[in-house]
There are 2 protein chains.
Amino acid sequence: MSPDTRHDEALELLQQLGLKEYEARCLVTLVGVADATAKQVSDESDVPRTRVYDAMRVLESRGLVEVQHAKPQRFRSVPVGEAVETLRRWYDARLDPLETALRRLHDTGAPETGETHEVWSLLSRDGIASRTRQITEEAEREVVLVVGTESVLTDELLGALADANERGVSVVVGALDEGIRERVEAAAPDAEVFVSELEWLRGVEGAAEEGVSVGRLLLVDGSTILVSSFDPESSTERAVFGRGFSNGLVLITRRLMETGLSRGGRAVGSPERTDGAAHDGEHADSEPGSSDDPESREE
Amino acid sequence: MSPDTRHDEALELLQQLGLKEYEARCLVTLVGVADATAKQVSDESDVPRTRVYDAMRVLESRGLVEVQHAKPQRFRSVPVGEAVETLRRWYDARLDPLETALRRLHDTGAPETGETHEVWSLLSRDGIASRTRQITEEAEREVVLVVGTESVLTDELLGALADANERGVSVVVGALDEGIRERVEAAAPDAEVFVSELEWLRGVEGAAEEGVSVGRLLLVDGSTILVSSFDPESSTERAVFGRGFSNGLVLITRRLMETGLSRGGRAVGSPERTDGAAHDGEHADSEPGSSDDPESREE
DNA sequence: AATTTTTGTGATTAATCGAGTCACACCCCG
DNA sequence: CGGGGTGTGACTCGATTAATCACAAAAATT
C-alpha cells in the first residue's frame, strides 16, 4: 500500500468518524510533521490557510492537536496512540449512556414468542452477522448453514459454529469449495461439511439480477431461517429471516434444503419439536402445498 | 431523571454518534414499542410520515432496525444491546485501521528533546487528562500536583499517582479540602498531601474573568509543567504546558509553588537535574529575573 | 358501493452547514 | 519602503437536511 493510499485512507476514516474534511486534512498533515504553522499546513493539505485556524480550534477542543500560542501560532498533533485513544473514549463516553437510556426506554412487553408468520429483512453486513450469531446461539438441536459466498465466513461466525458444536448442537455446513470446508473443519471438528450437490445455489434468485448470489443460508432447529443474497458489485448483503415452524419462508427453505442437502440418508432441517408446547396444528411437517406463499417473496 | 429527559438524552447521543435527527427520532421511538408502522412512528416521533421511510432505510442499512416487507410495512428495532454493539463495532472497525494508517504516516523525526521554550495549549477535558497521565508517567524523581477543582481528580489520575508512587517517585499533592486529601491518601499511601496554604490559588488569574478557577497544576521533576484553568460555567478546562528547566512558564510556576507549597523545610520543585546532559546554562536555578517573560502568557 | 383513512413514492421548498474565496489590518524582515 | 507571512471576519456557492405537498394505490369504514 502506497503512502498516498494510506493518506487517503486516514482521511476517509477520520471523516467517517465525524471530522469535517478540513479537520481531517489538517490532522493528517500534522501527524506527518511534528510541528507546523498555518501556512505549512495549508500548503501540505490543500486547506485554505484562513480555514486552518478554524479546523485547528475544533481539533484542539477534541483533544487531537495542541496549539502553541506565539506570534506565528504553531500546531502539532497529539501522539497517534493518544489521539486514537481520545477518539475511542469519546465514543465510549456516548455509547455507554446511550445503552442505559435506550434500555430504560425499552418497553419490555411481549417477550417475542417463537411462532410468527413474519418475515423481517435486514440490510447491513454487521446487522446480518449479528443476527446470524444470535440465531446460532439460540440453537438447541441443529444448525444448518450454507455458505454461498466465502466472505460471509468470518472468524466470528466460525466461533459461533464452534460454540454450538461444543454445546452438543449438530452442525451441518454446505460449502461451494474445499477452502471453506477446511476452515470450518478446523474450527468445528464435529461439523459435517458438504461441498457438492449445491449447484442449485447458483441462479436461484430471479434471473433478472446478474451476479447476485446466495450469501448465506441458515436454518436452526428447523424453525428459524435466515437467507441472504450477496451482490459482489456493491458488496452489499441483504437478508430476510423468519421464525416459526409454519412460517412460509421457513417452509419453502426447508423444502429447498431437503432437496439440496439430504445425502447419506440424513434428513436435514426436519421439523421435530424440542419444546413441549404445541403452538398450532401440525400442518407444517409434511407438504407445504401452496407454491406461491405470499410471505416468501423478497424485495 | 424523567423518561422525557432520557428520551431527549438518547436523541442527543444518537445524533452525536452520527445519526440524523429523523433517524434518531425514529430509532428512539421504535425502541419503545417493539413494532410499528410508518404512521405510528410518525405520530410518536414528530417525524413527517413520508420521511419515516427514508430514515428507516438508513437505519436498516446501519443494522439498527429490521423491516417487515408486507402490505403495510412494519418496522422494529434490533434489541438494544445488539444495536449498541453494532455501533461499537462500527467505530472499532474504523479506529483500528485509522491507528495503523496514522502510525505509518507519522514521521518519527526528532524524538522530542526535553528542553524547549515552547508553551502548548490544549482545550478538551480528555486531552488534558491524557497529557496529565503521560507527563506523570514520565516522572523520574518528583510529581507535584495541585488540585484546584475536585472534578479533575479522576480515578485515572489517582491511578497515575499511585503508579508513580510505587515507582519510587515522590508525590506531593496540594488540595483545597479534606475530601481530596482522603481520596489521594487512599490511592497513594506514601504521598504527601497539603490542604492549607493554598489560598493564593483563588483569584490567581486576571480578575477579568469571574468564576474561573485553577483546575490543576502539575510540576514534574521541576522541568515539566501543566497548568489548567477551569470554568464551571461552561464546564470547560483549558490548559497550557511546557517542558524544560529554563522554560518561562516553568520558571514562574516553580516560583509560585515554592512560595505556596514549601512547608516544613521542604523545597518543592527544585531544579536538580537527573540526566547528565548539560543542555544550557544554569540560569534556571536561582532568580528567574525577568518578570514579563513573553512565553508565559496564556490566551 | 361510496367514502374516508392509510400507505408508499416523488417532487419541491426552505433552512442549515460546510467548502471555498476575498478583503483587510497587521507584523516582521530585508 | 515594499513583500511575504499572519490572523480575523465577511461573504459566496453548493450540498445536505429538515419540512411540506401532491398523488395514486390500497385498506378500512360506513
# chains A, B, ... in the order shown; residues from 1 in each chain; ligands from 1

call {"tool": "closest_atom_pairs", "arguments": {"of": "chain A", "to": "chain B", "cutoff": "7 Å", "atoms": "only C-alpha atoms", "output": "tab-separated table"}}
result
residue	atom	partner	partner_atom	distance
A:Arg6	CA	B:Ala101	CA	5.5
A:Ala10	CA	B:Leu98	CA	5.7
A:Leu13	CA	B:Arg94	CA	6.1
A:Gly18	CA	B:Gly18	CA	6.9
A:Val31	CA	B:His106	CA	5.4
A:Gly32	CA	B:His106	CA	4.6
A:Val33	CA	B:Asp107	CA	6.0
A:Glu60	CA	B:Leu123	CA	5.6
A:Ser61	CA	B:Ser124	CA	4.7
A:Arg62	CA	B:Ser124	CA	5.7
A:Gly63	CA	B:Gly127	CA	4.1
A:Glu66	CA	B:Leu122	CA	5.2
A:Val67	CA	B:Ser121	CA	5.1
A:Gln68	CA	B:Trp120	CA	4.4
A:His69	CA	B:Trp120	CA	6.9
A:Val80	CA	B:Arg103	CA	6.4
A:Val84	CA	B:Glu99	CA	6.3
A:Thr86	CA	B:Asp126	CA	6.5
A:Arg94	CA	B:Leu13	CA	6.1
A:Leu95	CA	B:Val84	CA	6.7
A:Leu98	CA	B:Ala10	CA	5.7
A:Glu99	CA	B:Val84	CA	6.3
A:Ala101	CA	B:Arg6	CA	5.5
A:Leu102	CA	B:Ala10	CA	6.6
A:Arg103	CA	B:Val80	CA	6.4
A:Leu105	CA	B:Gly32	CA	5.5
A:His106	CA	B:Gly32	CA	4.5
A:Asp107	CA	B:Gly32	CA	5.0
A:Val119	CA	B:Gln68	CA	5.8
A:Trp120	CA	B:Gln68	CA	4.4
A:Ser121	CA	B:Val67	CA	5.1
A:Leu122	CA	B:Glu66	CA	5.3
A:Leu123	CA	B:Ser61	CA	4.7
A:Ser124	CA	B:Ser61	CA	4.5
A:Asp126	CA	B:Gly63	CA	6.2
A:Gly127	CA	B:Gly63	CA	4.0

call {"tool": "write_last_selection", "arguments": {"atoms": "N, CA and C atoms", "output": "CSV table (one decimal), in the first residue's frame"}}
result
chain,number,residue,atom,x,y,z
A,6,ARG,N,-2.5,5.3,2.0
A,6,ARG,CA,-2.7,5.4,3.5
A,6,ARG,C,-3.2,6.8,3.9
A,10,ALA,N,-6.7,7.3,5.7
A,10,ALA,CA,-6.8,8.0,7.0
A,10,ALA,C,-7.8,9.2,6.9
A,13,LEU,N,-11.3,7.7,6.9
A,13,LEU,CA,-11.7,7.1,8.2
A,13,LEU,C,-12.0,8.3,9.1
A,18,GLY,N,-16.5,11.3,12.0
A,18,GLY,CA,-17.2,12.6,12.4
A,18,GLY,C,-16.4,13.9,12.2
A,31,VAL,N,0.1,15.0,11.7
A,31,VAL,CA,0.6,13.7,12.1
A,31,VAL,C,1.9,13.4,11.4
A,32,GLY,N,2.1,13.9,10.2
A,32,GLY,CA,3.3,13.6,9.4
A,32,GLY,C,4.4,14.6,9.7
A,33,VAL,N,4.2,15.6,10.5
A,33,VAL,CA,5.3,16.7,10.5
A,33,VAL,C,5.7,17.1,11.9
A,60,GLU,N,-8.4,21.1,18.5
A,60,GLU,CA,-7.9,21.3,19.8
A,60,GLU,C,-9.0,20.9,20.9
A,61,SER,N,-10.2,21.4,20.6
A,61,SER,CA,-11.3,21.1,21.5
A,61,SER,C,-11.7,19.7,21.6
A,62,ARG,N,-11.2,18.9,20.6
A,62,ARG,CA,-11.4,17.5,20.6
A,62,ARG,C,-10.3,16.7,21.2
A,63,GLY,N,-9.3,17.5,21.6
A,63,GLY,CA,-8.1,16.9,22.2
A,63,GLY,C,-7.2,16.2,21.3
A,66,GLU,N,-2.5,20.2,19.7
A,66,GLU,CA,-2.1,21.2,20.7
A,66,GLU,C,-1.6,22.5,19.9
A,67,VAL,N,-1.9,23.6,20.5
A,67,VAL,CA,-1.5,24.8,19.9
A,67,VAL,C,-0.5,25.6,20.7
A,68,GLN,N,0.5,26.1,20.0
A,68,GLN,CA,1.4,27.0,20.6
A,68,GLN,C,1.0,28.4,20.3
A,69,HIS,N,0.6,29.1,21.4
A,69,HIS,CA,0.2,30.5,21.1
A,69,HIS,C,1.3,31.4,21.1
A,80,VAL,N,0.0,9.7,18.1
A,80,VAL,CA,-1.1,9.0,17.4
A,80,VAL,C,-1.9,8.1,18.4
A,84,VAL,N,-5.9,8.4,19.0
A,84,VAL,CA,-6.9,7.3,18.7
A,84,VAL,C,-7.6,7.0,20.1
A,86,THR,N,-8.2,8.9,22.5
A,86,THR,CA,-9.1,10.0,22.8
A,86,THR,C,-10.4,9.8,22.1
A,94,ARG,N,-20.2,8.0,24.9
A,94,ARG,CA,-21.5,8.2,24.4
A,94,ARG,C,-22.3,6.9,24.3
A,95,LEU,N,-21.6,5.9,24.0
A,95,LEU,CA,-22.2,4.6,23.8
A,95,LEU,C,-22.8,4.1,25.1
A,98,LEU,N,-25.8,5.9,26.2
A,98,LEU,CA,-26.9,5.6,25.2
A,98,LEU,C,-27.5,4.2,25.5
A,99,GLU,N,-26.7,3.3,25.8
A,99,GLU,CA,-27.3,1.9,26.1
A,99,GLU,C,-28.2,2.0,27.3
A,101,ALA,N,-29.8,4.7,28.5
A,101,ALA,CA,-31.0,5.4,28.2
A,101,ALA,C,-32.0,4.6,27.3
A,102,LEU,N,-31.4,3.9,26.3
A,102,LEU,CA,-32.3,3.1,25.5
A,102,LEU,C,-33.0,1.9,26.3
A,103,ARG,N,-32.2,1.3,27.1
A,103,ARG,CA,-32.8,0.2,27.9
A,103,ARG,C,-33.9,0.7,28.8
A,105,LEU,N,-35.9,3.2,28.1
A,105,LEU,CA,-37.0,3.5,27.2
A,105,LEU,C,-37.7,2.2,26.7
A,106,HIS,N,-36.9,1.2,26.7
A,106,HIS,CA,-37.4,-0.1,26.1
A,106,HIS,C,-38.6,-0.6,26.8
A,107,ASP,N,-39.7,-0.8,26.1
A,107,ASP,CA,-40.9,-1.4,26.6
A,107,ASP,C,-40.8,-2.9,26.6
A,119,VAL,N,-41.8,-12.1,8.2
A,119,VAL,CA,-40.5,-12.2,7.6
A,119,VAL,C,-39.9,-10.8,7.7
A,120,TRP,N,-38.8,-10.7,8.4
A,120,TRP,CA,-38.1,-9.5,8.5
A,120,TRP,C,-36.9,-9.4,7.6
A,121,SER,N,-36.6,-8.2,7.2
A,121,SER,CA,-35.4,-8.0,6.3
A,121,SER,C,-34.4,-7.1,6.9
A,122,LEU,N,-33.1,-7.4,6.7
A,122,LEU,CA,-32.1,-6.6,7.2
A,122,LEU,C,-31.1,-6.3,6.1
A,123,LEU,N,-30.4,-5.2,6.2
A,123,LEU,CA,-29.5,-4.8,5.1
A,123,LEU,C,-28.0,-4.9,5.4
A,124,SER,N,-27.6,-4.4,6.5
A,124,SER,CA,-26.2,-4.2,6.7
A,124,SER,C,-25.4,-5.5,7.0
A,126,ASP,N,-23.0,-5.9,9.1
A,126,ASP,CA,-22.9,-6.1,10.5
A,126,ASP,C,-24.2,-6.6,11.1
A,127,GLY,N,-25.3,-6.0,10.7
A,127,GLY,CA,-26.6,-6.4,11.2
A,127,GLY,C,-26.8,-7.9,11.0

call {"tool": "closest_atom_pairs", "arguments": {"of": "chain D", "to": "chain B", "cutoff": "10 Å", "atoms": "only C-alpha atoms (C1' of nucleotides)", "output": "CSV"}}
result
residue,atom,partner,partner_atom,distance
D:DT17,C1',B:Lys20,CA,8.3
D:DA18,C1',B:Tyr22,CA,8.6
D:DA19,C1',B:Pro48,CA,7.7
D:DT20,C1',B:Pro48,CA,9.0
D:DA26,C1',B:Lys71,CA,8.6
D:DA27,C1',B:Pro72,CA,9.3

call {"tool": "write_last_selection", "arguments": {"atoms": "C-alpha atoms (C1' of nucleotides)", "output": "CSV table (one decimal), in the first residue's frame"}}
result
chain,number,residue,atom,x,y,z
D,17,DT,C1',-31.2,18.2,5.8
D,18,DA,C1',-35.4,19.4,7.5
D,19,DA,C1',-40.1,20.0,6.2
D,20,DT,C1',-44.2,20.3,3.0
D,26,DA,C1',-54.7,0.1,-1.3
D,27,DA,C1',-57.2,-0.8,3.2

call {"tool": "select_by_dssp", "arguments": {"residues": "region 73-104 of chain B", "states": "strand (DSSP E)", "output": "ChimeraX atom specification"}}
result
/B:74-77

call {"tool": "closest_residue", "arguments": {"among": "D:DA28, D:DA15, D:DT6, D:DC21", "to": "Val52 (chain A)", "atoms": "only C-alpha atoms (C1' of nucleotides)"}}
result
D:DT6

call {"tool": "select_by_dssp", "arguments": {"residues": "region 100-234 of chain A", "states": "helix (DSSP H, G or I)", "output": "ChimeraX atom specification"}}
result
/A:100-105,125-138,150-152,155-166,178-187,199-201

call {"tool": "closest_residue", "arguments": {"among": "C:DA19, C:DC29, C:DA14, C:DT6", "to": "chain A", "atoms": "only C-alpha atoms (C1' of nucleotides)"}}
result
C:DA19

call {"tool": "atom_distance", "arguments": {"atom1": "C1' of DC27 (chain C)", "atom2": "C1' of DC1 (chain D)"}}
result
14.5 Å

call {"tool": "interface_residues", "arguments": {"of": "chain C", "to": "chain A", "cutoff": "12 Å", "atoms": "only C-alpha atoms (C1' of nucleotides)", "output": "PyMOL selection string"}}
result
chain C and resi 17-22+26-28

call {"tool": "residues_around", "arguments": {"residues": "region 163-173 of chain A", "least_positions_apart": "5", "cutoff": "12 Å", "atoms": "only C-alpha atoms (C1' of nucleotides)", "output": "VMD selection string"}}
result
chain A and resid 133 to 148 153 156 to 158 178 180 to 185 187 to 196 198 216 to 221 257 261 to 263 266 to 269
